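Asks: After the structure tokens below, expect a handful of questions from me.
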Amino acid sequence: MKIAVAGTGYVGLITGVCLAEMGHDVVCTDIREDKVLLLKSGCAPIYEPGINPMLKKNLDAGRLHFTIDSEFAYKDADIIFIAVGTPENPDGTANLDHVYEAAYTIGLCLNKDSIICTKSTVPVGTNEQIMEIINSVKPVHINTQSVSTPEFLREGSAIYDFFHGDRIIIGTESEEAALLLEQVFLPLKIPIVKTDIRSAEMIKYASNAFLATKISFINEIAAICDKVGANIEEVAYGIGKDRRIGPQFLQAGIGYGGSCFPKDTKALVQIAGNVEHQFELLEAVIKVNNRQQACAVKKAKELFDSIEGMRVAVLGLAFKPDTDDIREAASLTIVKTLLAEGASVIAYDPVAVPNARSVFGNVIEFTADIQTAISGAELVIIATEWDHIKHLPLEKYVQLMRNPVIIDGRNCYSLKDVSKHPITYVSIGRPSHIEEHAQTRSNSAKEGWYDETFTSILPD
Ligand code: UDX
């Protein structure tokens, strides 16, 4: 099958590379020439386990092409996937400019009958507008059919998810288009759900909203566990054993981040608002998540009178492990709040330092070496559960910090192991282990480099 993909962002790139891996002839197009050149050389602009070898293999096999030439991409395509970004507008709605621009270009370039599939996350009704745009500019003798195929890839395991997803949604009013799409995805042996276009569009938002709700729910229970002396891990295990609830997405922590949950939850609140439905539950989910992202520094302030002048190591910048993506990461809230409180920050991440540097510049120190981050720190805040962090022996904190204090935002260590070390350890929804030294922080540490004018140069 000849397939074109509009957009080489996360979804577009993974879709293009994986469809080529399945044997299809794929042309991916993007308006950014620098990206296209990089991709042509066999290098992915994103960090995603397994992407580079698969990219290179399919380029070498001649099944995968990258171009800025839209006409070359679309003119012979049997199927065109739209996978451009839908960033957030200031009011929380999805910005559809790129989607509509792509639709217009596709319409102008079409040279044969084609199926237009939208993978970008778009509000209900958008696919109809996409088709209106395409139909308004395409040659009259060419037939197009519309399909919504929302994407459920997780960053960090996107290739695995493409080949082993839980379901593939094919939303269309055209039986012919549904059959063709089924043919494409059948070899994956993933259950296919056929539905109408509007329901398919809604399935994507509803899935992400439900998962975000699970996370905020468990974080609420964790906050109560903190106060009543229960342990959230035991609680999550106990409730997750109920098959109606299930064990996944019950990991309490400092909240969800990334390119999807924060954006899609806000967009769904807006979509509901547009039809005069106040989505109160989802509004609360968002509010809880904002509170959760701020809770690590709040816990630090409860522990110490002040963190002004304190040297704080933030371990993990990516919004989750196995990605260099820092969009809406809890680490950003943590670093900004620490700076506003007058702490000095050294941040560690195995891969996300370049992205974080573009946000914070030289305002904080960065390192890709975890021990360098911890050395001499007075407080460690864990923001991402990287294996590098989880596998760091607790002895290292004892060796490298004078009076080790860890606020673990991702519950990386077992309480039993922590109790064997002279470490003050505060986590999420689990009993804390407080050493006496935490309360008697030396005055010298308070004489930091903090300067009153500093907050004025903090990034937003
Ligand atoms: C998500 C959806 O899972 C995916 O189906 C959709 O297509 C895109 O959005 P992604 O953002 O890559 O994928 O990551 P995911 O693994 O879902 O995690 C999202 C956030 O939730 C992360 O910040 C993670 O740390 C947090 N999370 C996840 C929790 O805090 N607790 C959990 O139990 C699970």
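Chain labels run A, B, ... following the order of the structure tokens; each chain numbers its residues from 1, and ligands are numbered from 1 in the order shown.
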Give as a ChimeraX atom specification the residues surrounding ligand 1 up to a distance of 6 Å, considering only C-alpha atoms and all ligand atoms.

Replies: /A:151-155,215,249-253,255-261,319-320

Asks: Print the selection's residues with N, CA and C atoms to a file, as a PDB file, in the first residue's frame.

Replies:
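Final file, part22.pdb:
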```pdb
ATOM      1  N   GLU A 151      -4.736   7.757  18.093  1.00  0.00           N
ATOM      2  CA  GLU A 151      -3.479   7.082  18.441  1.00  0.00           C
ATOM      3  C   GLU A 151      -3.358   6.947  19.958  1.00  0.00           C
ATOM      4  N   PHE A 152      -2.884   5.791  20.415  1.00  0.00           N
ATOM      5  CA  PHE A 152      -2.764   5.575  21.868  1.00  0.00           C
ATOM      6  C   PHE A 152      -1.329   5.252  22.283  1.00  0.00           C
ATOM      7  N   LEU A 153      -0.353   5.632  21.451  1.00  0.00           N
ATOM      8  CA  LEU A 153       1.057   5.331  21.759  1.00  0.00           C
ATOM      9  C   LEU A 153       1.501   6.049  23.020  1.00  0.00           C
ATOM     10  N   ARG A 154       2.276   5.335  23.845  1.00  0.00           N
ATOM     11  CA  ARG A 154       2.907   5.991  25.002  1.00  0.00           C
ATOM     12  C   ARG A 154       4.343   6.315  24.633  1.00  0.00           C
ATOM     13  N   GLU A 155       4.795   7.492  24.978  1.00  0.00           N
ATOM     14  CA  GLU A 155       6.203   7.827  24.762  1.00  0.00           C
ATOM     15  C   GLU A 155       7.048   6.843  25.568  1.00  0.00           C
ATOM     16  N   ILE A 215      -5.224   8.521  37.817  1.00  0.00           N
ATOM     17  CA  ILE A 215      -4.001   9.022  38.477  1.00  0.00           C
ATOM     18  C   ILE A 215      -4.377  10.037  39.561  1.00  0.00           C
ATOM     19  N   PHE A 249      -2.113   2.290  36.231  1.00  0.00           N
ATOM     20  CA  PHE A 249      -2.369   3.723  36.435  1.00  0.00           C
ATOM     21  C   PHE A 249      -2.845   4.024  37.855  1.00  0.00           C
ATOM     22  N   LEU A 250      -2.325   3.253  38.801  1.00  0.00           N
ATOM     23  CA  LEU A 250      -2.603   3.526  40.210  1.00  0.00           C
ATOM     24  C   LEU A 250      -1.296   3.810  40.935  1.00  0.00           C
ATOM     25  N   GLN A 251      -0.310   4.302  40.207  1.00  0.00           N
ATOM     26  CA  GLN A 251       0.979   4.648  40.808  1.00  0.00           C
ATOM     27  C   GLN A 251       0.902   6.102  41.290  1.00  0.00           C
ATOM     28  N   ALA A 252       0.852   6.255  42.620  1.00  0.00           N
ATOM     29  CA  ALA A 252       0.772   7.620  43.161  1.00  0.00           C
ATOM     30  C   ALA A 252       2.102   8.335  42.947  1.00  0.00           C
ATOM     31  N   GLY A 253       2.059   9.638  42.805  1.00  0.00           N
ATOM     32  CA  GLY A 253       3.294  10.390  42.593  1.00  0.00           C
ATOM     33  C   GLY A 253       2.995  11.872  42.507  1.00  0.00           C
ATOM     34  N   GLY A 255       2.124  13.575  40.066  1.00  0.00           N
ATOM     35  CA  GLY A 255       1.189  13.965  39.017  1.00  0.00           C
ATOM     36  C   GLY A 255       1.616  13.591  37.615  1.00  0.00           C
ATOM     37  N   TYR A 256       0.651  13.682  36.716  1.00  0.00           N
ATOM     38  CA  TYR A 256       0.919  13.363  35.312  1.00  0.00           C
ATOM     39  C   TYR A 256       1.411  14.597  34.564  1.00  0.00           C
ATOM     40  N   GLY A 257       2.228  14.328  33.532  1.00  0.00           N
ATOM     41  CA  GLY A 257       2.704  15.406  32.653  1.00  0.00           C
ATOM     42  C   GLY A 257       2.680  14.885  31.235  1.00  0.00           C
ATOM     43  N   GLY A 258       3.530  15.466  30.372  1.00  0.00           N
ATOM     44  CA  GLY A 258       3.635  14.971  29.005  1.00  0.00           C
ATOM     45  C   GLY A 258       2.814  15.784  28.018  1.00  0.00           C
ATOM     46  N   SER A 259       2.823  15.286  26.789  1.00  0.00           N
ATOM     47  CA  SER A 259       2.200  16.060  25.706  1.00  0.00           C
ATOM     48  C   SER A 259       0.716  15.763  25.575  1.00  0.00           C
ATOM     49  N   CYS A 260       0.211  14.767  26.285  1.00  0.00           N
ATOM     50  CA  CYS A 260      -1.190  14.368  26.049  1.00  0.00           C
ATOM     51  C   CYS A 260      -2.132  14.663  27.210  1.00  0.00           C
ATOM     52  N   PHE A 261      -1.900  14.060  28.373  1.00  0.00           N
ATOM     53  CA  PHE A 261      -2.901  14.165  29.445  1.00  0.00           C
ATOM     54  C   PHE A 261      -3.221  15.622  29.803  1.00  0.00           C
ATOM     55  N   PHE A 319       9.174  13.938  31.759  1.00  0.00           N
ATOM     56  CA  PHE A 319       7.873  13.776  32.426  1.00  0.00           C
ATOM     57  C   PHE A 319       7.631  12.335  32.856  1.00  0.00           C
ATOM     58  N   LYS A 320       8.416  11.424  32.286  1.00  0.00           N
ATOM     59  CA  LYS A 320       8.407  10.022  32.730  1.00  0.00           C
ATOM     60  C   LYS A 320       9.681   9.377  32.195  1.00  0.00           C
TER      61      LYS A 320
END
```

Asks: Using DSSP on the backbone, list every residue of segment 228-429 of chain A that comes out as alpha helix (DSSP H), and give them as a VMD selection string.

Replies: chain A and resid 228 232 to 240 261 to 274 280 to 293 295 to 303 330 to 340 353 to 360 370 to 374 387 to 390 394 to 400 415 to 419

Asks: Any chance you could list, as a VMD selection string, the residues in segment 292-365 of chain A that come up strand (DSSP E) when DSSP is run on the backbone?

Replies: chain A and resid 311 to 315 344 to 348 365

Asks: Restricting the calculation to only C-alpha atoms: of A:Ala44, A:Ala223, A:Ile197, A:Leu110, which residue gets closest to Val124 of chain A?

Replies: A:Ile197

Asks: Report as a list in words all protein, DNA and RNA residues lying within 8 Å of segment 409-425 of chain A, evaluated on only C-alpha atoms, omitting residues in the same chain fewer than 5 positions from it.

Replies: Ala252, Gly253, Ile254, Ala296, Ile381, Ile382, Ala383, Thr384, Glu385, Ile389, Lys390, Leu394, Glu395, Tyr397, Val398, Asn403, Pro404, Ser432, His433, Ile434, Glu435 and Ala438 of chain A

Asks: With only C-alpha atoms as the counted atoms, please give the residues lying no more than 8 Å from Leu282 of chain A, apart from itself and same-chain residues fewer than 5 positions off, as number ranges by chain.

Replies: A: 209, 213, 265, 269

Asks: Atom CA of Val84 of chain A and atom CA of Val99 of chain A are how many Å apart?

Replies: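 Spanning atom CA of Val84 of chain A to atom CA of Val99 of chain A is a straight-line distance of 6.1 Å.
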
Asks: Suppose you want the space between atom CA of Asp322 of chain A and atom CA of Cys43 of chain A; what is it in Å?

Replies: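 Distance reported for this atom pair: 17.2 Å.
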
Asks: Suppose you want the space between atom CA of Val147 of chain A and atom CA of Asn89 of chain A; what is it in Å?

Replies: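 Atom CA of Val147 of chain A sits 25.0 Å away from atom CA of Asn89 of chain A.
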
Asks: Give me the residues near segment 266-268 of chain A as a compact mmCIF listing (two decimals) with C-alpha atoms, in the first residue's frame, where near means some atom within 7 Å (using only C-alpha atoms) and where sequence neighbours in that chain fewer than 3 positions away do not count.

Replies:
```txt
# COMPACT_ATOMS: atom_id res chain seq x y z
CA GLY A 92 -7.18 25.25 26.81
CA THR A 93 -8.83 24.46 23.46
CA ALA A 94 -6.94 22.46 20.82
CA TYR A 205 -10.28 12.16 24.65
CA PRO A 262 -2.55 17.85 30.46
CA LYS A 263 -3.55 19.09 27.00
CA ILE A 271 -15.37 20.57 24.31
CA ALA A 272 -17.96 19.84 27.03
```

Asks: Using only C-alpha atoms, which residues sit within 10 Å of Ala230 of chain A once same-chain residues fewer than 5 positions away are excluded, as a PDB file with N, CA, C and O atoms, in the first residue's frame?

Replies:
```
ATOM      1  N   ILE A 221      -6.134   9.681  47.186  1.00  0.00           N
ATOM      2  CA  ILE A 221      -6.089   8.653  48.244  1.00  0.00           C
ATOM      3  C   ILE A 221      -4.727   8.708  48.937  1.00  0.00           C
ATOM      4  O   ILE A 221      -4.626   8.585  50.167  1.00  0.00           O
ATOM      5  N   ALA A 222      -3.655   8.960  48.157  1.00  0.00           N
ATOM      6  CA  ALA A 222      -2.304   9.047  48.755  1.00  0.00           C
ATOM      7  C   ALA A 222      -2.229  10.206  49.748  1.00  0.00           C
ATOM      8  O   ALA A 222      -1.624  10.081  50.819  1.00  0.00           O
ATOM      9  N   ALA A 223      -2.852  11.330  49.391  1.00  0.00           N
ATOM     10  CA  ALA A 223      -2.815  12.490  50.291  1.00  0.00           C
ATOM     11  C   ALA A 223      -3.513  12.147  51.609  1.00  0.00           C
ATOM     12  O   ALA A 223      -3.065  12.552  52.690  1.00  0.00           O
ATOM     13  N   ILE A 224      -4.583  11.363  51.518  1.00  0.00           N
ATOM     14  CA  ILE A 224      -5.282  10.976  52.755  1.00  0.00           C
ATOM     15  C   ILE A 224      -4.446   9.952  53.517  1.00  0.00           C
ATOM     16  O   ILE A 224      -4.334  10.020  54.745  1.00  0.00           O
ATOM     17  N   CYS A 225      -3.816   9.017  52.771  1.00  0.00           N
ATOM     18  CA  CYS A 225      -2.924   8.027  53.422  1.00  0.00           C
ATOM     19  C   CYS A 225      -1.851   8.743  54.243  1.00  0.00           C
ATOM     20  O   CYS A 225      -1.533   8.344  55.363  1.00  0.00           O
ATOM     21  N   VAL A 235      -2.496   0.042  49.525  1.00  0.00           N
ATOM     22  CA  VAL A 235      -3.873   0.375  49.159  1.00  0.00           C
ATOM     23  C   VAL A 235      -4.078   0.154  47.654  1.00  0.00           C
ATOM     24  O   VAL A 235      -5.053  -0.474  47.226  1.00  0.00           O
ATOM     25  N   GLY A 429       2.275   9.387  49.997  1.00  0.00           N
ATOM     26  CA  GLY A 429       1.256   8.470  50.528  1.00  0.00           C
ATOM     27  C   GLY A 429       1.817   7.301  51.306  1.00  0.00           C
ATOM     28  O   GLY A 429       1.141   6.285  51.469  1.00  0.00           O
ATOM     29  N   ARG A 430       3.078   7.439  51.772  1.00  0.00           N
ATOM     30  CA  ARG A 430       3.682   6.363  52.577  1.00  0.00           C
ATOM     31  C   ARG A 430       4.298   6.992  53.825  1.00  0.00           C
ATOM     32  O   ARG A 430       4.732   8.160  53.792  1.00  0.00           O
ATOM     33  N   PRO A 431       4.381   6.237  54.924  1.00  0.00           N
ATOM     34  CA  PRO A 431       4.947   6.823  56.139  1.00  0.00           C
ATOM     35  C   PRO A 431       6.358   7.371  55.908  1.00  0.00           C
ATOM     36  O   PRO A 431       7.152   6.782  55.184  1.00  0.00           O
TER      37      PRO A 431
END
```

Asks: Which residue out of A:Thr121, A:Lys189, A:Ala178, A:Leu19 has the minimum interatomic distance to Ala206 of chain A when only C-alpha atoms are used?

Replies: A:Thr121
